[in-house]
Each structure stands twice: as structure tokens, then as C-alpha cells.
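Engineer: Okay, so here is structure-v8.txt, and as you'll see once you scroll down, it has compact mmCIF, C-alpha atoms.
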```txt
# COMPACT_ATOMS: atom_id res chain seq x y z
CA MET A 1 131.28 80.54 103.83
CA VAL A 2 133.76 77.87 102.73
CA ASN A 3 131.69 77.25 99.61
CA GLU A 4 131.75 80.95 98.79
CA PHE A 5 135.52 81.03 99.31
CA ILE A 6 136.03 78.05 96.99
CA ASN A 7 133.66 79.63 94.46
CA ILE A 8 135.72 82.85 94.48
CA ILE A 9 138.93 80.91 93.84
CA TYR A 10 137.31 78.79 91.14
CA ARG A 11 135.74 81.70 89.26
CA SER A 12 138.80 83.92 89.45
CA THR A 13 141.07 81.15 88.12
CA ARG A 14 138.58 80.62 85.29
CA PHE A 15 138.90 84.31 84.29
CA ASP A 16 135.13 84.70 84.58
CA LYS A 17 134.26 88.23 83.40
CA ASN A 18 130.84 87.99 84.99
CA PHE A 19 132.42 87.28 88.35
CA TYR A 20 134.33 90.58 88.28
CA SER A 21 131.43 92.58 86.87
CA ASN A 22 128.99 91.40 89.56
CA SER A 23 128.99 93.99 92.36
CA LYS A 24 127.82 91.32 94.84
CA ASN A 25 131.31 89.82 94.66
CA PHE A 26 132.78 93.11 95.89
CA ASP A 27 130.62 93.67 98.96
CA GLU A 28 131.95 94.35 102.47
CA ALA A 29 132.96 90.73 103.12
CA ALA A 30 134.87 90.46 99.83
CA ILE A 31 137.95 92.26 101.13
CA TYR A 32 138.24 89.64 103.88
CA PHE A 33 138.04 86.82 101.34
CA ALA A 34 140.71 88.61 99.27
CA ALA A 35 142.96 88.96 102.32
CA ILE A 36 142.47 85.29 103.19
CA ILE A 37 143.42 84.30 99.63
CA VAL A 38 146.62 86.37 99.82
CA ILE A 39 147.52 84.91 103.22
CA VAL A 40 146.68 81.31 102.24
CA VAL A 41 148.66 81.61 99.03
CA GLY A 42 151.58 83.00 101.03
CA ILE A 43 151.41 80.10 103.48
CA LEU A 44 151.05 77.54 100.70
CA GLY A 45 154.12 79.05 99.06
CA ILE A 46 156.16 77.45 101.83
CA ILE A 47 155.31 73.96 100.60
CA PRO A 48 157.18 74.13 97.27
CA GLN A 49 159.84 76.39 98.77
CA ALA A 50 162.26 73.50 99.32
CA ALA A 51 162.03 72.51 95.64
CA ILE A 52 162.41 76.13 94.54
CA LEU A 53 165.49 76.64 96.72
CA GLU A 54 167.01 73.39 95.49
CA PHE A 55 166.28 74.48 91.90
CA TYR A 56 168.20 77.74 92.44
CA ARG A 57 171.04 75.93 94.19
CA ASN A 58 171.40 73.39 91.40
CA ASN A 59 170.88 75.66 88.39
CA PHE A 60 172.32 78.99 89.47
CA ASN A 61 174.83 77.98 92.17
CA VAL A 62 173.14 80.31 94.63
CA ASP A 63 172.68 79.33 98.25
CA ILE A 64 169.48 80.97 99.46
CA PRO A 65 168.43 80.39 103.07
CA THR A 66 164.92 79.19 103.87
CA THR A 67 162.53 82.07 104.44
CA LYS A 68 160.51 82.26 107.64
CA LEU A 69 156.73 82.25 107.53
CA LYS A 70 156.37 85.75 108.96
CA TYR A 71 158.56 87.21 106.21
CA ILE A 72 156.63 85.37 103.52
CA LEU A 73 153.35 86.74 104.87
CA ILE A 74 154.76 90.26 105.14
CA VAL A 75 156.03 90.16 101.55
CA SER A 76 152.72 88.70 100.29
CA ILE A 77 150.73 91.47 101.94
CA PHE A 78 153.23 94.13 100.85
CA ILE A 79 153.02 93.02 97.21
CA TRP A 80 149.22 93.00 97.46
CA ILE A 81 149.22 96.56 98.77
CA ILE A 82 151.76 97.89 96.25
CA ARG A 83 150.04 96.24 93.27
CA SER A 84 146.64 97.54 94.38
CA ILE A 85 147.86 101.09 94.86
CA TYR A 86 149.63 100.96 91.49
CA ILE A 87 146.45 99.81 89.69
CA PHE A 88 144.42 102.44 91.52
CA ILE A 89 146.78 105.27 90.57
CA VAL A 90 147.48 104.21 86.99
CA GLY A 91 144.13 102.64 86.10
CA ILE A 92 141.75 104.98 87.89
CA LYS A 93 143.56 108.27 88.36
CA LEU A 94 145.81 108.48 85.27
CA PHE A 95 143.95 106.46 82.61
CA PRO A 96 140.28 106.09 83.58
CA SER A 97 137.55 105.38 81.08
CA LYS A 98 134.42 107.49 81.03
CA GLN A 99 132.54 104.75 82.87
CA THR A 100 135.21 104.06 85.51
CA ASN A 101 133.60 104.25 88.92
CA CYS A 102 135.82 102.34 91.30
CA ASN A 103 137.39 102.82 94.70
CA LEU A 104 140.60 101.58 96.28
CA LEU A 105 138.83 98.90 98.30
CA LYS A 106 137.44 97.34 95.13
CA VAL A 107 140.93 97.32 93.60
CA PHE A 108 142.34 95.67 96.74
CA THR A 109 139.63 93.02 96.47
CA LEU A 110 140.35 92.44 92.78
CA VAL A 111 144.08 92.00 93.34
CA GLY A 112 143.43 89.64 96.24
CA PHE A 113 141.08 87.55 94.12
CA ALA A 114 143.59 87.53 91.27
CA HIS A 115 146.11 85.78 93.55
CA SER A 116 144.00 82.60 93.31
CA PRO A 117 146.06 80.93 90.53
CA TYR A 118 149.06 80.87 92.88
CA ILE A 119 147.37 77.97 94.65
CA PHE A 120 148.58 75.78 91.79
CA ARG A 121 152.15 76.25 93.01
CA LEU A 122 151.40 73.38 95.36
CA ILE A 123 152.26 70.97 92.56
CA ALA A 124 155.82 72.36 92.32
CA PHE A 125 157.22 69.75 94.67
CA SER A 126 160.09 68.58 92.47
CA ASN A 127 162.92 70.35 90.65
CA GLU A 128 161.51 69.46 87.24
CA LEU A 129 158.18 71.12 88.00
CA VAL A 130 159.37 74.31 89.68
CA LEU A 131 160.10 76.51 86.68
CA PRO A 132 157.09 75.49 84.52
CA VAL A 133 154.69 75.82 87.46
CA ILE A 134 156.05 79.23 88.48
CA ILE A 135 155.84 80.53 84.91
CA LEU A 136 152.35 79.10 84.44
CA THR A 137 151.00 80.52 87.70
CA GLU A 138 152.52 83.94 86.95
CA ILE A 139 150.83 83.95 83.55
CA LEU A 140 147.52 82.88 85.08
CA TYR A 141 147.82 85.57 87.77
CA HIS A 142 148.44 88.28 85.19
CA ILE A 143 145.56 87.08 82.99
CA SER A 144 143.23 87.06 85.98
CA LEU A 145 144.39 90.56 86.91
CA ILE A 146 143.95 91.85 83.36
CA VAL A 147 140.44 90.40 83.00
CA GLY A 148 139.40 91.69 86.42
CA THR A 149 140.87 95.14 85.81
CA ASN A 150 139.08 95.36 82.48
CA GLU A 151 135.76 94.60 84.19
CA ILE A 152 135.99 96.73 87.34
CA LEU A 153 137.42 99.76 85.52
CA ASN A 154 134.90 99.39 82.67
CA TYR A 155 137.46 99.58 79.90
CA LYS A 156 136.19 99.08 76.37
CA ASN A 157 139.04 96.80 75.31
CA ILE A 158 141.40 94.40 76.98
CA PHE A 159 144.49 96.12 75.54
CA LYS A 160 144.13 99.08 77.91
CA SER A 161 143.90 96.71 80.87
CA PHE A 162 146.90 94.81 79.56
CA MET A 163 148.94 98.00 79.35
CA VAL A 164 147.92 99.15 82.83
CA ILE A 165 148.92 95.81 84.37
CA GLU A 166 151.98 95.01 82.26
CA PHE A 167 153.51 98.50 81.89
CA PRO A 168 156.13 97.90 84.64
CA LEU A 169 157.11 94.62 82.98
CA VAL A 170 157.39 96.34 79.59
CA LEU A 171 159.62 99.00 81.15
CA LEU A 172 161.80 96.33 82.73
CA ILE A 173 162.17 94.49 79.41
CA ILE A 174 163.10 97.73 77.64
CA TYR A 175 165.61 98.55 80.36
CA ILE A 176 167.20 95.08 80.13
CA PHE A 177 167.25 95.26 76.33
CA LEU A 178 168.93 98.70 76.35
CA ASN A 179 171.52 97.64 78.92
CA TRP A 180 172.29 94.22 77.47
CA LYS A 181 176.02 93.74 76.94
```
Would you mind giving the structure from this file in C-alpha cells?
Structural biologist:
Amino acid sequence: MVNEFINIIYRSTRFDKNFYSNSKNFDEAAIYFAAIIVIVVGILGIIPQAAILEFYRNNFNVDIPTTKLKYILIVSIFIWIIRSIYIFIVGIKLFPSKQTNCNLLKVFTLVGFAHSPYIFRLIAFSNELVLPVIILTEILYHISLIVGTNEILNYKNIFKSFMVIEFPLVLLIIYIFLNWK
């Protein structure tokens, strides 16, 4: 079981298309592995939290209190749920391909697996590493999500997956650009 868990993390951080296209990786136990990944990543997020808070205090003059574990777990699970529902609605209901045959549970599993690159935030233990590690892990998370979405929704090209995943970010950038003063 531990070997399978490590294999899931390894293959999802490698952006292995075959991993996401193999239906064995989305069986009944897969949702539990996905939930464990989300919870573990949430718990591990506490480790670099001190460096992240110090980074914000030093660079932005903002005093942010330390977050409690229960709130971190609640936010991690909430983000997992919201992202999964978003991908389900936009990717499956609004813009499906002809071959899309996917359910919400499979999307939940995909998003949980895609959280695997966040494990690398463990190395953000100093102020100098915080920003590069956060940016890198965010990029890796989005790439993993795009590759997985492309495979489970059977899209013909990666651009459609990119647009499904990154559309909220594109809207945010447009909004910021239009309201820049």
C-alpha cells in the first residue's frame, strides 16, 4: 500500500500520461489515495509556514498570524472540492469532447493526485527559497492537472485542457490588467 502511494506521487509528479489514462489508477481505492495526498500535503504545508510568514513579514510588511492545523486541512479539502467541481462542470458539462466519459469521482481523484508536486514545498525552509519553491510547485501542480485533465477527459489536444484549467487565471490577469492604475 505504501509502495502504491509512493508510485502515485512519483508518476503524477512526472506528468506520466499513461498513469492518468490507466483506469486501474482510478479504481475505488484511488479516491482514498487522493484524499490522503491532499491531507498530507496540507499537513506538510505547516513545515515551511514559518519561512513563508517571515517572507511576507520582511518583504511586504504584513503581520500574518500562524494558521492552525485544522484550518489548513479545511482549506486544503475545500480547494480540492472546489477545483474538482469546477473541472467537472467546465470540462465535462460545458466543453466535453466526443470521447469524454468521466464522472465526478474520477475528477476528484485526478485533482487529488495532481496535488503531489506540493510535497516539494518541504524544501522551502528559508526566506530565500520560499518564493521560488512556491512558484515552482504551483507550476508543477498546474502542469500535472493539465496533463491529467487531457487524459481523463480524452481531449485531442493539450490546449483545450490548458484553457479549462487556466481560464480562471486568465480572467484574473485580464481583470488586473484592465483595472491597473
Engineer: Any idea what the distance is between atom CA of A:Lys98 and atom CA of A:Leu140?
Structural biologist: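 According to the coordinates, atom CA of A:Lys98 and atom CA of A:Leu140 are separated by 28.2 Å.
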Engineer: Per residue of stretch 41-64 of chain A within 8 Å of stretch 69-73 of chain A, which atom pair is closest and at what distance in Å (one decimal), using all atoms listed in the file, listed by chain and increasing number, as JSON lines?
Structural biologist:
```
{"residue": "A:Gly42", "atom": "CA", "partner": "A:Leu73", "partner_atom": "CA", "distance": 5.6}
{"residue": "A:Ile43", "atom": "CA", "partner": "A:Leu69", "partner_atom": "CA", "distance": 7.0}
{"residue": "A:Ile46", "atom": "CA", "partner": "A:Leu69", "partner_atom": "CA", "distance": 7.5}
```
Engineer: For a quick check of understanding, using all atoms listed in the file, which of A:Val107, A:Tyr56, A:Val75, A:Ala124 has the smallest distance to A:Ile89?
Structural biologist: A:Val107
Engineer: Using all atoms listed in the file, pick whichever of A:Thr137, A:Asn103, A:Asn154, A:Asn59 has the shortest atom-to-atom distance to A:Ser21.
Structural biologist: A:Asn154
Engineer: For stretch 90-97 of chain A, list every protein, DNA or RNA residue within 9 Å, evaluated using all atoms listed in the file, and leave out those in the same chain fewer than 4 positions away; present the list as a PyMOL selection string.
Structural biologist: chain A and resi 85-86+101-103+149+153-156+160-161+164-165
Engineer: Suppose you want the space between atom CA of A:Ala30 and atom CA of A:Asn157; what is it in Å?
Structural biologist: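 That distance, rounded to one decimal, is 25.7 Å.
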Engineer: Could you please fill out stretch 153-178 of chain A with N, CA and C atoms and send it back as a PDB file, in the coordinates of the input?
Structural biologist:
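out_11.pdb, freshly written:
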```pdb
ATOM      1  N   LEU A 153     137.156  98.385  85.979  1.00  0.00           N
ATOM      2  CA  LEU A 153     137.420  99.760  85.520  1.00  0.00           C
ATOM      3  C   LEU A 153     136.595 100.116  84.290  1.00  0.00           C
ATOM      4  N   ASN A 154     135.798  99.179  83.814  1.00  0.00           N
ATOM      5  CA  ASN A 154     134.900  99.390  82.670  1.00  0.00           C
ATOM      6  C   ASN A 154     135.627  99.874  81.417  1.00  0.00           C
ATOM      7  N   TYR A 155     136.749  99.253  81.137  1.00  0.00           N
ATOM      8  CA  TYR A 155     137.460  99.580  79.900  1.00  0.00           C
ATOM      9  C   TYR A 155     136.745  98.943  78.726  1.00  0.00           C
ATOM     10  N   LYS A 156     136.857  99.577  77.569  1.00  0.00           N
ATOM     11  CA  LYS A 156     136.190  99.080  76.370  1.00  0.00           C
ATOM     12  C   LYS A 156     136.941  97.910  75.730  1.00  0.00           C
ATOM     13  N   ASN A 157     138.272  97.904  75.892  1.00  0.00           N
ATOM     14  CA  ASN A 157     139.040  96.800  75.310  1.00  0.00           C
ATOM     15  C   ASN A 157     140.061  96.282  76.304  1.00  0.00           C
ATOM     16  N   ILE A 158     140.480  95.079  76.076  1.00  0.00           N
ATOM     17  CA  ILE A 158     141.400  94.400  76.980  1.00  0.00           C
ATOM     18  C   ILE A 158     142.819  94.947  76.857  1.00  0.00           C
ATOM     19  N   PHE A 159     143.142  95.592  75.734  1.00  0.00           N
ATOM     20  CA  PHE A 159     144.490  96.120  75.540  1.00  0.00           C
ATOM     21  C   PHE A 159     144.833  97.187  76.576  1.00  0.00           C
ATOM     22  N   LYS A 160     143.880  98.042  76.901  1.00  0.00           N
ATOM     23  CA  LYS A 160     144.130  99.080  77.910  1.00  0.00           C
ATOM     24  C   LYS A 160     144.406  98.447  79.270  1.00  0.00           C
ATOM     25  N   SER A 161     143.654  97.427  79.612  1.00  0.00           N
ATOM     26  CA  SER A 161     143.900  96.710  80.870  1.00  0.00           C
ATOM     27  C   SER A 161     145.266  96.041  80.847  1.00  0.00           C
ATOM     28  N   PHE A 162     145.596  95.453  79.705  1.00  0.00           N
ATOM     29  CA  PHE A 162     146.900  94.810  79.560  1.00  0.00           C
ATOM     30  C   PHE A 162     148.020  95.820  79.791  1.00  0.00           C
ATOM     31  N   MET A 163     147.898  96.991  79.205  1.00  0.00           N
ATOM     32  CA  MET A 163     148.940  98.000  79.350  1.00  0.00           C
ATOM     33  C   MET A 163     149.028  98.538  80.784  1.00  0.00           C
ATOM     34  N   VAL A 164     147.897  98.687  81.440  1.00  0.00           N
ATOM     35  CA  VAL A 164     147.920  99.150  82.830  1.00  0.00           C
ATOM     36  C   VAL A 164     148.637  98.122  83.711  1.00  0.00           C
ATOM     37  N   ILE A 165     148.336  96.860  83.526  1.00  0.00           N
ATOM     38  CA  ILE A 165     148.920  95.810  84.370  1.00  0.00           C
ATOM     39  C   ILE A 165     150.364  95.523  83.982  1.00  0.00           C
ATOM     40  N   GLU A 166     150.665  95.462  82.712  1.00  0.00           N
ATOM     41  CA  GLU A 166     151.980  95.010  82.260  1.00  0.00           C
ATOM     42  C   GLU A 166     152.974  96.137  81.986  1.00  0.00           C
ATOM     43  N   PHE A 167     152.595  97.381  82.177  1.00  0.00           N
ATOM     44  CA  PHE A 167     153.510  98.500  81.890  1.00  0.00           C
ATOM     45  C   PHE A 167     154.830  98.385  82.658  1.00  0.00           C
ATOM     46  N   PRO A 168     154.836  98.055  83.959  1.00  0.00           N
ATOM     47  CA  PRO A 168     156.130  97.900  84.640  1.00  0.00           C
ATOM     48  C   PRO A 168     156.988  96.799  84.031  1.00  0.00           C
ATOM     49  N   LEU A 169     156.360  95.708  83.608  1.00  0.00           N
ATOM     50  CA  LEU A 169     157.110  94.620  82.980  1.00  0.00           C
ATOM     51  C   LEU A 169     157.684  95.061  81.638  1.00  0.00           C
ATOM     52  N   VAL A 170     156.907  95.814  80.875  1.00  0.00           N
ATOM     53  CA  VAL A 170     157.390  96.340  79.590  1.00  0.00           C
ATOM     54  C   VAL A 170     158.582  97.258  79.815  1.00  0.00           C
ATOM     55  N   LEU A 171     158.492  98.116  80.826  1.00  0.00           N
ATOM     56  CA  LEU A 171     159.620  99.000  81.150  1.00  0.00           C
ATOM     57  C   LEU A 171     160.861  98.213  81.547  1.00  0.00           C
ATOM     58  N   LEU A 172     160.678  97.168  82.320  1.00  0.00           N
ATOM     59  CA  LEU A 172     161.800  96.330  82.730  1.00  0.00           C
ATOM     60  C   LEU A 172     162.440  95.650  81.526  1.00  0.00           C
ATOM     61  N   ILE A 173     161.637  95.135  80.613  1.00  0.00           N
ATOM     62  CA  ILE A 173     162.170  94.490  79.410  1.00  0.00           C
ATOM     63  C   ILE A 173     162.931  95.486  78.557  1.00  0.00           C
ATOM     64  N   ILE A 174     162.400  96.686  78.404  1.00  0.00           N
ATOM     65  CA  ILE A 174     163.100  97.730  77.640  1.00  0.00           C
ATOM     66  C   ILE A 174     164.414  98.087  78.305  1.00  0.00           C
ATOM     67  N   TYR A 175     164.391  98.226  79.619  1.00  0.00           N
ATOM     68  CA  TYR A 175     165.610  98.550  80.360  1.00  0.00           C
ATOM     69  C   TYR A 175     166.663  97.459  80.173  1.00  0.00           C
ATOM     70  N   ILE A 176     166.256  96.210  80.313  1.00  0.00           N
ATOM     71  CA  ILE A 176     167.200  95.080  80.130  1.00  0.00           C
ATOM     72  C   ILE A 176     167.719  95.058  78.703  1.00  0.00           C
ATOM     73  N   PHE A 177     166.843  95.272  77.740  1.00  0.00           N
ATOM     74  CA  PHE A 177     167.250  95.260  76.330  1.00  0.00           C
ATOM     75  C   PHE A 177     168.268  96.383  76.050  1.00  0.00           C
ATOM     76  N   LEU A 178     168.035  97.571  76.587  1.00  0.00           N
ATOM     77  CA  LEU A 178     168.930  98.700  76.350  1.00  0.00           C
ATOM     78  C   LEU A 178     170.271  98.563  77.057  1.00  0.00           C
TER      79      LEU A 178
END
```
